[in-house]
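Here the structure comes first, spelled out in structure tokens, and everything after it is commentary.
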Amino acid sequence: PRRRVLVVGIDGVTLDTLSAVPTPHLDSVTEAGFLAPVAIDPGTPTMSGPCWATVVTGVRIDKHAVWSNDFSGNRLHLFPDFASRLTAEHGASTYVAAGWQPLLTVAHGGPLFRTPGRTTFIAAAAETVEAWDATDEAITREAVRVLTEDDPEASFVYLGAVDETGHVLGCGDAYEEAIVRADKRLGRLLAALRARSSYTQEEWTVIVVTDHGHRPEGGHGGRSERETTAWIACCGPSIAAGEPDRALRHEDVAAQVFASLDREIDSHATVDGRAWSKS
């Protein structure tokens, strides 16, 4: 079987809200594998930039040096993201889709993803809930096409509308509705995998992860339990159903991508994370 990994990053989804809203597609991942809380390190600001940098590089903030949502002064050239590593070190086909500028452009000191094989970037027209929802829709539509028709070994798809909703409207009804829409988009991405002509000859690991939580009134950056509690959900052929046997960290995601692909991380590379399941 050909090993493949899809990582879906949904920004700013508070863990305790998941039990209050219908998320059947995330539930399907959880039921086949697990959903586990992730505690953000005390030295890491509860902001998107530092948290996503830790997720995709597999190293902690003292190494990647993304301290805020301005990535200036980073050390991502020394500690690159998993997609760029896989492409450079293994010649793997990789794909990243996102609408937040520093993930894929030089804006604000980016890009976080330096040299993935293929990218989709569709910026939000404005910092509004409506504009971010439209961006997530466009990102999902294009990612579905690439995942169905192309053959990336490792992919990262970023959805940002939930976080924007929390900032603008707080964590009330609109925030919960945004999570429901994000779950539907996750469902379309999962359906795209099953629609692949080669799906029966492939083994897919799916990782869904958030970067941080929100205060009830909206916003983050502090050290409350809601803000510092993130989560990871995962299923796949080597993923045992049930809670992991240890606490997971954001930096474990990149390590698990390599393990699920049965790829070795370069022995000269520094990676802080550990895979929660070996292939």
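We name chains A, B, ... following the order of the structure tokens; residues begin at 1 in each chain, and ligands are numbered from 1 as shown.
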Neighbouring residues of A:Val106 were defined as those with any atom within 12 Å, considering only C-alpha atoms; residues of the same chain fewer than 6 positions away were excluded. Please report them as a PyMOL selection string.
chain A and resi 70-72+100+112-114
With a distance cut-off of 10 Å and only C-alpha atoms, select the neighbouring residues of A:Ile179, excluding the residue or stretch itself and same-chain residues fewer than 2 positions from it, and output the selection as a PyMOL selection string.
chain A and resi 10-14+17-18+21-23+161-163+165+173-177+181-185
Store the residues of this selection in a file with C-alpha atoms, as a tab-separated table (two decimals), in the first residue's frame.
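Output below, filename result39.tsv:
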```
chain	number	residue	atom	x	y	z
A	10	ILE	CA	-8.51	24.26	12.03
A	11	ASP	CA	-7.52	27.47	13.77
A	12	GLY	CA	-8.82	28.41	17.19
A	13	VAL	CA	-11.24	25.60	18.08
A	14	THR	CA	-11.76	25.44	21.83
A	17	THR	CA	-16.93	23.58	22.50
A	18	LEU	CA	-16.60	20.38	20.47
A	21	VAL	CA	-21.83	21.11	18.52
A	22	PRO	CA	-22.46	18.39	15.92
A	23	THR	CA	-19.16	17.46	14.24
A	161	ALA	CA	-12.75	31.10	9.74
A	162	VAL	CA	-13.46	29.65	13.20
A	163	ASP	CA	-10.67	31.72	14.75
A	165	THR	CA	-15.35	34.33	14.22
A	173	ASP	CA	-23.71	30.79	18.54
A	174	ALA	CA	-21.83	32.17	15.52
A	175	TYR	CA	-18.61	30.56	16.74
A	176	GLU	CA	-20.35	27.20	17.13
A	177	GLU	CA	-21.87	27.54	13.65
A	181	ARG	CA	-19.07	24.59	8.79
A	182	ALA	CA	-15.42	23.66	9.34
A	183	ASP	CA	-16.48	20.10	10.13
A	184	LYS	CA	-18.46	19.93	6.89
A	185	ARG	CA	-15.36	21.06	5.02
```
For stretch 14-67 of chain A against stretch 85-99 of chain A, with a cut-off of 12 Å and counting only C-alpha atoms, what is the closest atom pair and its distance in Å to one decimal for every residue that makes the cut, ordered by chain and number, as CSV?
```
residue,atom,partner,partner_atom,distance
A:Val56,CA,A:Arg85,CA,10.3
A:Thr57,CA,A:Arg85,CA,9.0
A:Gly58,CA,A:Arg85,CA,11.0
```
Residue nearest A:Thr128 among A:Val146, A:Pro45, A:Tyr158, A:His167 (counting only C-alpha atoms)
A:His167
With a distance cut-off of 10 Å and only C-alpha atoms, select the neighbouring residues of A:Ser238, excluding the residue or stretch itself and same-chain residues fewer than 4 positions from it, and output the selection as a PyMOL selection string.
chain A and resi 33+203-205+259-260+276-279
Output of the above residues as a tab-separated table (two decimals), in the first residue's frame, restricted to N, CA, C and O atoms:
```tsv
chain	number	residue	atom	x	y	z
A	33	GLY	N	-9.90	6.46	15.70
A	33	GLY	CA	-8.60	6.66	16.34
A	33	GLY	C	-8.76	7.30	17.69
A	33	GLY	O	-9.15	6.67	18.66
A	203	GLU	N	-2.90	3.75	1.99
A	203	GLU	CA	-3.16	3.78	3.43
A	203	GLU	C	-3.05	5.24	3.89
A	203	GLU	O	-1.97	5.82	3.88
A	204	TRP	N	-4.19	5.81	4.27
A	204	TRP	CA	-4.25	7.22	4.64
A	204	TRP	C	-4.27	7.39	6.15
A	204	TRP	O	-5.08	6.79	6.84
A	205	THR	N	-3.38	8.22	6.64
A	205	THR	CA	-3.43	8.72	8.01
A	205	THR	C	-3.97	10.14	7.97
A	205	THR	O	-3.49	10.96	7.19
A	259	ALA	N	6.51	9.29	10.47
A	259	ALA	CA	6.31	7.89	10.86
A	259	ALA	C	5.22	7.23	10.03
A	259	ALA	O	5.35	6.08	9.61
A	260	SER	N	4.14	7.95	9.78
A	260	SER	CA	3.03	7.37	9.01
A	260	SER	C	3.41	7.12	7.56
A	260	SER	O	2.85	6.24	6.91
A	276	TRP	N	3.33	9.36	17.89
A	276	TRP	CA	2.55	8.61	18.87
A	276	TRP	C	2.25	7.20	18.40
A	276	TRP	O	1.82	6.36	19.18
A	277	SER	N	2.52	6.90	17.14
A	277	SER	CA	2.35	5.56	16.62
A	277	SER	C	3.34	5.31	15.50
A	277	SER	O	3.48	6.15	14.61
A	278	LYS	N	4.02	4.19	15.54
A	278	LYS	CA	4.96	3.83	14.48
A	278	LYS	C	4.23	3.09	13.39
A	278	LYS	O	3.22	2.40	13.63
A	279	SER	N	4.75	3.19	12.18
A	279	SER	CA	4.13	2.51	11.04
A	279	SER	C	4.38	1.00	11.12
A	279	SER	O	5.27	0.54	11.82
```
